[in-house]
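Structure file input_19.txt; described as compact mmCIF, C-alpha atoms.
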```txt
# COMPACT_ATOMS: atom_id res chain seq x y z
CA MET A 1 -75.11 -207.71 120.95
CA VAL A 2 -78.67 -206.70 121.70
CA VAL A 3 -78.96 -202.96 122.22
CA LYS A 4 -81.80 -201.62 124.31
CA GLU A 5 -83.58 -198.84 122.47
CA GLU A 6 -84.44 -195.86 124.63
CA PHE A 7 -85.82 -193.55 121.98
CA CYS A 8 -88.65 -193.80 119.47
CA THR A 9 -87.21 -194.14 115.96
CA GLN A 10 -90.20 -192.30 114.46
CA CYS A 11 -90.57 -189.20 116.68
CA GLY A 12 -87.25 -189.20 118.53
CA GLY A 13 -88.96 -188.99 121.93
CA GLU A 14 -88.09 -191.13 124.94
CA LEU A 15 -89.79 -194.51 124.92
CA GLU A 16 -92.01 -193.77 127.90
CA GLY A 17 -95.75 -194.02 127.55
CA SER A 18 -97.56 -194.88 124.35
CA HIS A 19 -96.08 -194.49 120.91
CA ALA A 20 -98.99 -196.24 119.22
CA GLU A 21 -99.23 -193.68 116.42
CA CYS A 22 -95.49 -193.94 115.84
CA ALA A 23 -95.73 -197.73 115.67
CA GLN A 24 -98.47 -197.39 113.05
CA ALA A 25 -96.42 -194.83 111.10
CA ALA A 26 -93.43 -197.18 111.15
CA GLU A 27 -95.27 -199.53 108.79
CA LEU A 28 -94.82 -196.98 106.00
CA SER A 29 -91.87 -194.98 107.19
CA PRO A 30 -88.24 -195.93 107.83
CA PRO A 31 -86.69 -195.01 111.18
CA ARG A 32 -85.73 -191.35 111.36
CA TYR A 33 -84.15 -191.19 114.82
CA CYS A 34 -81.55 -193.39 116.43
CA GLY A 35 -83.12 -195.75 118.97
CA GLU A 36 -80.04 -195.55 121.18
CA CYS A 37 -79.48 -191.79 121.41
CA GLY A 38 -82.45 -190.11 119.72
CA ARG A 39 -80.27 -188.30 117.15
CA ARG A 40 -81.86 -187.56 113.79
CA MET A 41 -80.38 -189.97 111.25
CA GLN A 42 -79.49 -189.64 107.58
CA VAL A 43 -81.89 -191.98 105.80
CA GLN A 44 -81.70 -193.16 102.22
CA VAL A 45 -84.66 -194.96 100.71
CA THR A 46 -84.36 -196.96 97.48
CA PRO A 47 -87.13 -198.92 95.77
CA LEU A 48 -86.38 -202.15 97.62
CA HIS A 49 -84.36 -201.09 100.67
CA TRP A 50 -83.59 -198.33 103.15
CA GLN A 51 -80.58 -197.47 105.25
CA ALA A 52 -80.39 -195.13 108.22
CA ARG A 53 -77.14 -193.79 109.64
CA CYS A 54 -76.56 -192.33 113.09
CA SER A 55 -73.37 -190.29 113.36
CA VAL A 56 -72.56 -192.02 116.65
CA HIS A 57 -74.16 -195.47 116.54
CA GLY A 58 -73.69 -196.42 112.91
CA GLU A 59 -75.97 -197.82 110.29
CA ILE A 60 -79.09 -199.96 110.24
CA VAL A 61 -80.70 -201.30 107.08
CA GLY A 62 -84.03 -202.65 106.04
CA MET B 1 -123.41 -183.91 84.81
CA THR B 2 -126.32 -181.56 84.17
CA THR B 3 -128.80 -180.82 86.93
CA ILE B 4 -131.62 -182.69 85.17
CA GLU B 5 -129.53 -185.71 84.21
CA SER B 6 -129.71 -188.93 86.23
CA PRO B 7 -126.43 -190.65 87.20
CA GLN B 8 -127.39 -193.48 84.84
CA ASP B 9 -127.89 -191.11 81.90
CA PHE B 10 -124.71 -189.24 82.82
CA LEU B 11 -122.64 -192.43 82.79
CA ALA B 12 -124.20 -193.49 79.48
CA ARG B 13 -123.25 -190.13 77.97
CA ALA B 14 -119.73 -190.40 79.43
CA ARG B 15 -119.44 -193.91 77.96
CA ALA B 16 -120.41 -192.69 74.49
CA GLN B 17 -117.95 -189.82 74.62
CA VAL B 18 -114.90 -191.31 76.34
CA LEU B 19 -115.11 -195.01 75.57
CA ASP B 20 -116.52 -194.83 72.07
CA GLN B 21 -114.82 -191.67 70.84
CA GLY B 22 -111.76 -191.40 73.11
CA VAL B 23 -112.59 -187.83 74.03
CA GLY B 24 -111.95 -186.89 77.68
CA LEU B 25 -114.63 -185.37 79.87
CA ASN B 26 -114.76 -181.61 80.34
CA GLN B 27 -114.44 -179.94 83.73
CA ASP B 28 -118.16 -179.99 84.56
CA ASP B 29 -118.40 -183.68 83.76
CA VAL B 30 -115.24 -184.56 85.70
CA LEU B 31 -116.87 -182.77 88.62
CA GLY B 32 -119.98 -184.86 87.96
CA VAL B 33 -117.92 -188.02 88.42
CA LEU B 34 -116.37 -186.69 91.62
CA GLN B 35 -119.84 -185.93 92.96
CA LEU B 36 -121.39 -189.34 92.20
CA GLY B 37 -122.85 -191.14 95.20
CA ASP B 38 -121.00 -194.10 96.69
CA GLU B 39 -123.53 -196.48 95.11
CA TRP B 40 -122.29 -195.43 91.66
CA VAL B 41 -118.61 -196.03 92.36
CA PRO B 42 -118.56 -199.62 90.97
CA ASP B 43 -120.23 -198.43 87.73
CA VAL B 44 -117.86 -195.53 87.16
CA LEU B 45 -114.83 -197.70 87.96
CA ALA B 46 -116.04 -200.28 85.45
CA LEU B 47 -116.39 -197.58 82.81
CA ALA B 48 -112.93 -196.20 83.60
CA HIS B 49 -111.49 -199.71 83.31
CA ASP B 50 -113.16 -200.21 79.93
CA VAL B 51 -111.73 -196.89 78.78
CA ARG B 52 -108.24 -197.83 79.94
CA MET B 53 -108.44 -201.25 78.23
CA LYS B 54 -109.71 -199.80 74.96
CA TRP B 55 -107.41 -196.79 74.67
CA CYS B 56 -104.29 -197.94 76.57
CA GLY B 57 -104.45 -201.71 76.45
CA PRO B 58 -104.02 -204.35 79.15
CA THR B 59 -100.35 -203.84 80.03
CA VAL B 60 -99.20 -202.14 83.21
CA GLU B 61 -96.10 -199.97 83.28
CA VAL B 62 -93.96 -200.61 86.36
CA GLU B 63 -91.52 -198.00 87.63
CA GLY B 64 -89.10 -197.58 90.50
CA ILE B 65 -88.20 -194.16 91.87
CA VAL B 66 -85.14 -193.16 93.82
CA SER B 67 -83.98 -190.02 95.52
CA LEU B 68 -80.52 -188.90 94.42
CA LYS B 69 -80.63 -185.86 96.69
CA THR B 70 -82.95 -186.07 99.67
CA GLY B 71 -84.10 -183.19 101.85
CA GLY B 72 -82.83 -179.65 102.23
CA CYS B 73 -85.01 -178.29 99.43
CA PRO B 74 -85.39 -174.48 99.44
CA GLU B 75 -89.00 -174.65 98.21
CA ASP B 76 -92.01 -174.70 100.54
CA CYS B 77 -94.38 -177.28 99.02
CA HIS B 78 -96.63 -177.70 102.04
CA PHE B 79 -97.04 -181.47 101.67
CA CYS B 80 -93.34 -182.26 101.40
CA SER B 81 -91.11 -183.55 104.17
CA GLN B 82 -88.06 -182.69 102.07
CA SER B 83 -88.52 -178.94 102.34
CA GLY B 84 -85.75 -177.31 104.35
CA GLN B 85 -88.28 -174.73 105.55
CA PHE B 86 -90.16 -177.08 107.88
CA ALA B 87 -89.15 -178.94 111.04
CA SER B 88 -89.36 -182.33 109.33
CA PRO B 89 -87.37 -185.36 110.56
CA VAL B 90 -85.93 -185.83 107.05
CA ARG B 91 -82.21 -184.95 106.91
CA ALA B 92 -80.39 -183.95 103.74
CA VAL B 93 -78.41 -186.76 102.14
CA TRP B 94 -77.06 -187.72 98.70
CA LEU B 95 -77.03 -191.18 97.16
CA ASP B 96 -73.74 -192.14 95.49
CA ILE B 97 -73.61 -193.37 91.89
CA PRO B 98 -72.79 -197.05 92.69
CA SER B 99 -75.82 -197.19 95.03
CA LEU B 100 -77.96 -195.60 92.33
CA VAL B 101 -76.84 -198.21 89.80
CA GLU B 102 -77.54 -200.99 92.29
CA ALA B 103 -81.03 -199.58 92.88
CA ALA B 104 -81.64 -199.49 89.11
CA LYS B 105 -80.55 -203.13 88.77
CA GLU B 106 -82.80 -204.23 91.63
CA THR B 107 -85.68 -202.26 90.17
CA ALA B 108 -85.24 -203.89 86.75
CA LEU B 109 -85.34 -207.33 88.39
CA THR B 110 -88.90 -206.63 89.55
CA GLY B 111 -89.95 -206.34 85.90
CA ALA B 112 -89.94 -202.54 85.93
CA THR B 113 -89.12 -200.75 82.68
CA GLU B 114 -88.84 -197.28 84.17
CA PHE B 115 -86.37 -195.89 86.69
CA CYS B 116 -86.86 -192.30 87.81
CA ILE B 117 -84.04 -190.35 89.45
CA VAL B 118 -85.39 -187.59 91.69
CA ALA B 119 -83.68 -184.68 93.43
CA ALA B 120 -85.23 -182.37 96.03
CA VAL B 121 -84.18 -179.07 94.49
CA ARG B 122 -85.75 -175.95 93.00
CA GLY B 123 -83.86 -176.77 89.83
CA PRO B 124 -80.59 -178.49 89.01
CA ASP B 125 -77.22 -176.75 89.32
CA LYS B 126 -74.08 -177.75 87.41
CA LYS B 127 -73.02 -180.25 90.07
CA LEU B 128 -76.37 -182.04 89.90
CA MET B 129 -76.43 -182.02 86.09
CA ASP B 130 -72.93 -183.54 86.07
CA GLN B 131 -74.04 -186.22 88.52
CA ILE B 132 -77.09 -187.01 86.41
CA GLY B 133 -74.85 -187.36 83.37
CA GLN B 134 -72.62 -189.83 85.23
CA ALA B 135 -75.62 -191.68 86.65
CA VAL B 136 -77.37 -192.09 83.29
CA LYS B 137 -74.16 -193.39 81.70
CA ALA B 138 -73.45 -195.81 84.56
CA ILE B 139 -77.01 -197.14 84.65
CA ASN B 140 -77.14 -197.59 80.89
CA GLU B 141 -73.90 -199.58 81.03
CA ALA B 142 -75.23 -201.83 83.79
CA VAL B 143 -78.88 -202.51 83.06
CA GLU B 144 -81.57 -202.15 80.42
CA ILE B 145 -84.15 -199.78 81.79
CA ASN B 146 -85.65 -196.48 80.69
CA ILE B 147 -84.36 -193.56 82.71
CA SER B 148 -86.55 -190.68 83.77
CA CYS B 149 -85.60 -187.67 85.85
CA SER B 150 -87.34 -185.29 88.21
CA LEU B 151 -85.06 -182.40 89.07
CA GLY B 152 -87.36 -179.42 89.46
CA MET B 153 -87.53 -176.44 87.16
CA LEU B 154 -85.28 -176.44 84.11
CA THR B 155 -83.65 -173.86 81.89
CA PRO B 156 -83.88 -174.44 78.12
CA GLU B 157 -80.20 -175.47 78.14
CA GLN B 158 -80.75 -178.03 80.91
CA ALA B 159 -83.77 -179.50 79.15
CA HIS B 160 -81.67 -179.87 76.02
CA GLU B 161 -78.80 -181.43 77.98
CA LEU B 162 -81.06 -184.01 79.66
CA SER B 163 -82.60 -184.95 76.33
CA ALA B 164 -79.12 -185.36 74.82
CA MET B 165 -78.12 -187.63 77.73
CA GLY B 166 -80.93 -189.98 76.76
CA VAL B 167 -83.39 -189.17 79.53
CA HIS B 168 -86.59 -190.32 77.87
CA ARG B 169 -89.17 -188.89 80.27
CA TYR B 170 -89.13 -185.93 82.65
CA ASN B 171 -91.37 -185.63 85.68
CA HIS B 172 -92.51 -182.28 86.95
CA ASN B 173 -95.82 -182.31 88.77
CA LEU B 174 -98.20 -179.38 88.64
CA GLU B 175 -99.34 -180.81 92.01
CA THR B 176 -102.79 -179.24 92.10
CA ALA B 177 -105.20 -176.95 90.27
CA ARG B 178 -103.87 -173.59 89.18
CA SER B 179 -106.52 -171.87 91.33
CA TYR B 180 -105.35 -173.71 94.47
CA PHE B 181 -101.60 -173.69 93.88
CA THR B 182 -100.79 -170.68 96.06
CA ASN B 183 -102.30 -172.54 99.02
CA VAL B 184 -99.75 -175.29 98.47
CA VAL B 185 -96.57 -173.55 97.30
CA THR B 186 -95.49 -169.92 97.67
CA THR B 187 -91.85 -170.05 96.56
CA HIS B 188 -92.63 -170.50 92.86
CA THR B 189 -95.68 -170.38 90.64
CA TRP B 190 -97.84 -172.87 88.78
CA ASP B 191 -96.92 -171.05 85.58
CA GLU B 192 -93.20 -171.56 86.21
CA ARG B 193 -93.89 -175.28 86.45
CA TRP B 194 -95.93 -175.16 83.24
CA GLU B 195 -92.98 -173.47 81.49
CA THR B 196 -90.64 -176.32 82.44
CA LEU B 197 -93.16 -178.81 81.07
CA ARG B 198 -93.28 -176.85 77.82
CA LEU B 199 -89.47 -177.06 77.58
CA VAL B 200 -89.52 -180.80 78.24
CA HIS B 201 -92.02 -181.32 75.45
CA ALA B 202 -90.08 -179.08 73.08
CA GLU B 203 -86.93 -181.16 73.65
CA GLY B 204 -88.74 -184.35 72.68
CA MET B 205 -88.78 -185.95 76.12
CA GLU B 206 -92.00 -187.54 77.31
CA VAL B 207 -93.86 -185.36 79.78
CA CYS B 208 -94.73 -186.92 83.13
CA CYS B 209 -96.95 -184.61 85.12
CA GLY B 210 -99.42 -185.29 87.88
CA GLY B 211 -99.94 -184.24 91.42
CA ILE B 212 -101.43 -184.96 94.79
CA VAL B 213 -105.10 -185.08 95.68
CA GLY B 214 -106.39 -184.47 99.18
CA LEU B 215 -104.43 -181.26 99.76
CA GLY B 216 -107.57 -179.45 100.90
CA GLU B 217 -108.69 -178.56 97.39
CA THR B 218 -112.41 -178.53 96.60
CA LEU B 219 -113.94 -181.07 94.25
CA GLU B 220 -114.32 -178.23 91.75
CA GLN B 221 -110.58 -177.58 91.97
CA ARG B 222 -109.82 -181.29 91.62
CA ALA B 223 -111.89 -181.34 88.43
CA GLU B 224 -110.10 -178.19 87.27
CA PHE B 225 -106.76 -179.93 87.86
CA ALA B 226 -107.77 -183.00 85.85
CA VAL B 227 -108.67 -180.93 82.80
CA GLN B 228 -105.57 -178.77 83.15
CA LEU B 229 -103.53 -181.97 82.98
CA ALA B 230 -105.54 -183.09 79.96
CA GLU B 231 -104.74 -179.77 78.26
CA LEU B 232 -101.04 -180.52 78.79
CA ASN B 233 -101.49 -183.95 77.16
CA PRO B 234 -98.77 -185.69 79.19
CA ALA B 235 -97.51 -189.18 78.42
CA GLU B 236 -97.94 -190.03 82.09
CA VAL B 237 -99.90 -188.75 85.07
CA PRO B 238 -98.73 -189.97 88.49
CA LEU B 239 -101.63 -189.75 90.93
CA ASN B 240 -100.63 -189.32 94.55
CA PHE B 241 -102.91 -189.28 97.58
CA LEU B 242 -101.74 -187.08 100.42
CA ASN B 243 -99.82 -188.98 103.07
CA PRO B 244 -99.65 -186.24 105.74
CA ARG B 245 -96.04 -185.97 106.84
CA PRO B 246 -95.03 -184.88 110.35
CA GLY B 247 -93.68 -181.35 110.56
CA THR B 248 -95.16 -180.13 107.29
CA PRO B 249 -97.98 -177.54 107.08
CA PHE B 250 -100.27 -180.30 105.74
CA GLY B 251 -99.17 -182.77 108.41
CA ASP B 252 -102.55 -182.66 110.17
CA LEU B 253 -104.81 -182.99 107.12
CA GLU B 254 -107.11 -186.00 106.97
CA VAL B 255 -106.23 -189.00 104.84
CA MET B 256 -108.63 -189.22 101.91
CA ASP B 257 -111.53 -191.65 102.20
CA GLY B 258 -111.12 -194.77 100.04
CA LYS B 259 -114.32 -194.28 98.04
CA GLU B 260 -113.36 -190.69 97.28
CA ALA B 261 -109.95 -191.89 96.13
CA LEU B 262 -111.55 -194.44 93.80
CA ARG B 263 -113.92 -191.80 92.37
CA THR B 264 -110.88 -189.60 91.78
CA ILE B 265 -109.06 -192.36 89.90
CA ALA B 266 -112.09 -192.90 87.67
CA ALA B 267 -112.53 -189.17 87.12
CA PHE B 268 -108.89 -188.72 86.07
CA ARG B 269 -109.10 -191.70 83.70
CA LEU B 270 -112.26 -190.28 82.11
CA ALA B 271 -110.54 -186.91 81.69
CA LEU B 272 -107.38 -188.56 80.30
CA PRO B 273 -108.41 -191.63 78.31
CA HIS B 274 -105.07 -192.12 76.52
CA THR B 275 -102.60 -191.32 79.30
CA ILE B 276 -100.49 -193.64 81.44
CA LEU B 277 -102.23 -193.15 84.80
CA ARG B 278 -99.89 -194.22 87.57
CA PHE B 279 -100.66 -195.22 91.13
CA ALA B 280 -98.12 -193.21 93.12
CA GLY B 281 -97.65 -192.28 96.77
CA GLY B 282 -100.27 -192.58 99.48
CA ARG B 283 -102.29 -195.43 97.99
CA GLU B 284 -101.28 -197.83 100.79
CA LEU B 285 -102.72 -195.44 103.36
CA THR B 286 -105.80 -194.37 101.42
CA LEU B 287 -106.84 -197.58 99.73
CA GLY B 288 -105.06 -200.52 101.34
CA ASP B 289 -104.69 -203.82 99.48
CA LEU B 290 -108.31 -204.20 98.38
CA GLY B 291 -108.57 -200.60 97.22
CA ALA B 292 -105.36 -200.97 95.24
CA GLN B 293 -106.96 -203.82 93.30
CA GLN B 294 -110.10 -201.78 92.75
CA GLY B 295 -107.96 -198.93 91.45
CA MET B 296 -106.19 -201.26 89.03
CA LEU B 297 -109.65 -202.27 87.82
CA GLY B 298 -110.80 -198.65 87.70
CA GLY B 299 -108.51 -196.93 85.23
CA ILE B 300 -104.97 -197.22 86.61
CA ASN B 301 -102.43 -198.73 84.22
CA ALA B 302 -99.10 -198.08 85.90
CA VAL B 303 -97.59 -198.45 89.36
CA ILE B 304 -94.61 -197.26 91.33
CA VAL B 305 -93.13 -200.44 92.69
CA GLY B 306 -91.62 -200.70 96.18
CA ASN B 307 -90.67 -197.65 98.19
CA TYR B 308 -91.15 -193.98 97.50
CA LEU B 309 -88.63 -191.19 98.07
CA THR B 310 -88.84 -190.93 101.85
CA THR B 311 -91.62 -193.36 102.74
CA LEU B 312 -92.13 -197.07 102.27
CA GLY B 313 -94.52 -198.72 99.84
CA ARG B 314 -95.95 -202.19 99.60
CA PRO B 315 -93.32 -204.88 99.00
CA ALA B 316 -92.58 -204.99 95.27
CA ALA B 317 -93.49 -208.67 95.15
CA ALA B 318 -96.97 -207.91 96.51
CA ASP B 319 -97.70 -205.56 93.61
CA ILE B 320 -96.29 -207.95 91.02
CA ASP B 321 -98.40 -210.77 92.51
CA MET B 322 -101.45 -208.50 92.39
CA LEU B 323 -100.89 -207.85 88.67
CA LEU B 324 -100.55 -211.58 88.03
CA GLU B 325 -103.75 -212.22 89.95
CA LEU B 326 -105.54 -209.58 87.90
CA ASN B 327 -104.17 -211.03 84.65
CA MET B 328 -102.52 -207.73 83.81
CA PRO B 329 -99.25 -208.22 81.91
CA ILE B 330 -96.32 -205.99 82.79
CA LYS B 331 -95.30 -203.71 79.94
CA SER B 332 -92.02 -204.93 78.48
CA LEU B 333 -89.03 -202.81 77.63
CA THR B 334 -89.14 -203.69 73.94
CA LYS B 335 -92.59 -202.17 73.69
CA THR B 336 -91.54 -198.96 75.37
CA LEU B 337 -88.45 -198.39 73.25
```

I need this file expressed as structure tokens, please.
Amino acid sequence: MVVKEEFCTQCGGELEGSHAECAQAAELSPPRYCGECGRRMQVQVTPLHWQARCSVHGEIVG
Amino acid sequence: MTTIESPQDFLARARAQVLDQGVGLNQDDVLGVLQLGDEWVPDVLALAHDVRMKWCGPTVEVEGIVSLKTGGCPEDCHFCSQSGQFASPVRAVWLDIPSLVEAAKETALTGATEFCIVAAVRGPDKKLMDQIGQAVKAINEAVEINISCSLGMLTPEQAHELSAMGVHRYNHNLETARSYFTNVVTTHTWDERWETLRLVHAEGMEVCCGGIVGLGETLEQRAEFAVQLAELNPAEVPLNFLNPRPGTPFGDLEVMDGKEALRTIAAFRLALPHTILRFAGGRELTLGDLGAQQGMLGGINAVIVGNYLTTLGRPAAADIDMLLELNMPIKSLTKTL
């Protein structure tokens, strides 16, 4: 299922207008906010991976 | 560098002192390196590389770092997104032991010989010390890798306990010059950090102590920091470049210019000719791929591979490929034991 993201995963703001700086930051930063609801996620970073967990929408990994 | 000395004469004098005799530069001369014009950067990097090759050898020490306890720290280090005092997007979370072991195994597969377990705390409590004990045992049973820890300020008993567990190196960064520290941290002092480092040394663990440059310190203070580290004589100095994090008091500071970062690497190598000088956080932002290579050829002899504690690094394979390209062998575990 493809989920439409409505929130920026870097700043947590609604995806209206430009998030160019956030997109740049995302190269060196895992997502911090859930793209579906904008909630701040619990994020664990390990040397080769990361995982981010939203209390409502579950986990994403990278 | 004296006022009547040319950059050429200054570098020749630095070569005679640091390369030939293995004696680090003093504060005035470290400042001289930091003040060299851009046109002298290739020369000073070449000297720093020669110093590293002569006094440390060609191998590169590779390390992975992992956060056991992320966020929610009571301290107010102004650069840190893990402080609970700032409106940072980082939420508190703990890594479980099986995940920690898995991370150590993955890190070892990259060729790394060091695995550093970090916790965002003022100092460890009993719960954390117990978890470290379990983690060290579980990692040692699963994979051959040296284990380091970074758990904040220690009591003498905790330093002893960590040493008895087999933790071979302890990281506690002084972060910046003593004269600038109160601009960076107000919840504890530089001298409290120094005391923990003294305890680590007294317990026979290797001392890992570095900091972050680009925190708004002057060049004079950066030189002061380099010689304060030299006075400590640490086994390792991790050199971070500020990556301004959203929500922190230093979130709006400028990223350091690449040439300035390279001069800083050379200056630290010339102050610390015998130390493991590690590329740590912020290098991707400050130096990019080309600058990282220049740093490796300018005095650096260790890297943190992969991601950092809350931010992402270059892919591990990219760094390993870079070392292969530069003909720099990765330090093996047998040599570090």

**Report entry** Test item: chain B residues at most 9 Å from chain A, counting all atoms listed in the file, as a PyMOL selection string
**Finding:** chain B and resi 64-68+70+89-95+99-100+103-104+106-107+246+284-285+304-316

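In this structure, CA of Glu63 (chain B) sits 20.4 Å away from CA of Gly204 (chain B).
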
Requested in this report: Provide the CA of Ala52 (chain A) to CA of Gly38 (chain A) distance in Å, to one decimal place.
Outcome: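 Rounded to one decimal, the two atoms are 12.7 Å apart.
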
**Report entry** Polymer residues at most 10 Å from Ile276 (chain B), all atoms listed in the file, same-chain spacing of 6 or more positions, as a ChimeraX atom specification
**Finding:** /B:52,56,60-61,208,234-238,269,299-303

Report task. With only C-alpha atoms counted, which protein, DNA or RNA residues have an atom no more than 6 Å from (-79.6, -202.6, 104.8) in the file frame? Please answer as a PyMOL selection string. Result -> chain A and resi 51+61-62

Report task. Would you mind listing what lies within 6 Å of region 109-113 of chain B as an MDAnalysis selection string, with all atoms listed in the file counted and same-chain residues fewer than 5 positions away left out? Result -> chainID B and resid 62:63 145:146 333

Requested in this report: Go ahead and compute the interatomic distance for CA of Gly72 (chain B) and CA of Ala120 (chain B), in Å to one decimal.
Outcome: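 Value for the CA of Gly72 (chain B)-CA of Ala120 (chain B) distance: 7.2 Å.
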
Query raised in the report: Hey, which of B:Glu144, B:Asp96, B:Ala230, B:Thr196 ends up closest to Ser332 (chain B)? Count all atoms listed in the file.
Result: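 So, comparing all the options, the nearest one is B:Glu144.
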
Report task. Could you give me, as an MDAnalysis selection string, the residues within 6 Å of Leu15 (chain A), counting only C-alpha atoms and dropping anything in the same chain fewer than 6 positions from it? Result -> chainID A and resid 6:8

Query raised in the report: If you count all atoms listed in the file, which residues fall within 9 Å of region 124-127 of chain B, apart from same-chain ones fewer than 4 positions away, as a list in words?
Result: Ala119, Gln131, Ile132, Leu151, Gly152, Met153, Leu154 and Gln158 of chain B

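Take the candidates B:Asp252, B:Asp29, B:Asp20, B:Glu5 and check each one against Val51 (chain B) using only C-alpha atoms; the shortest distance goes to B:Asp20.
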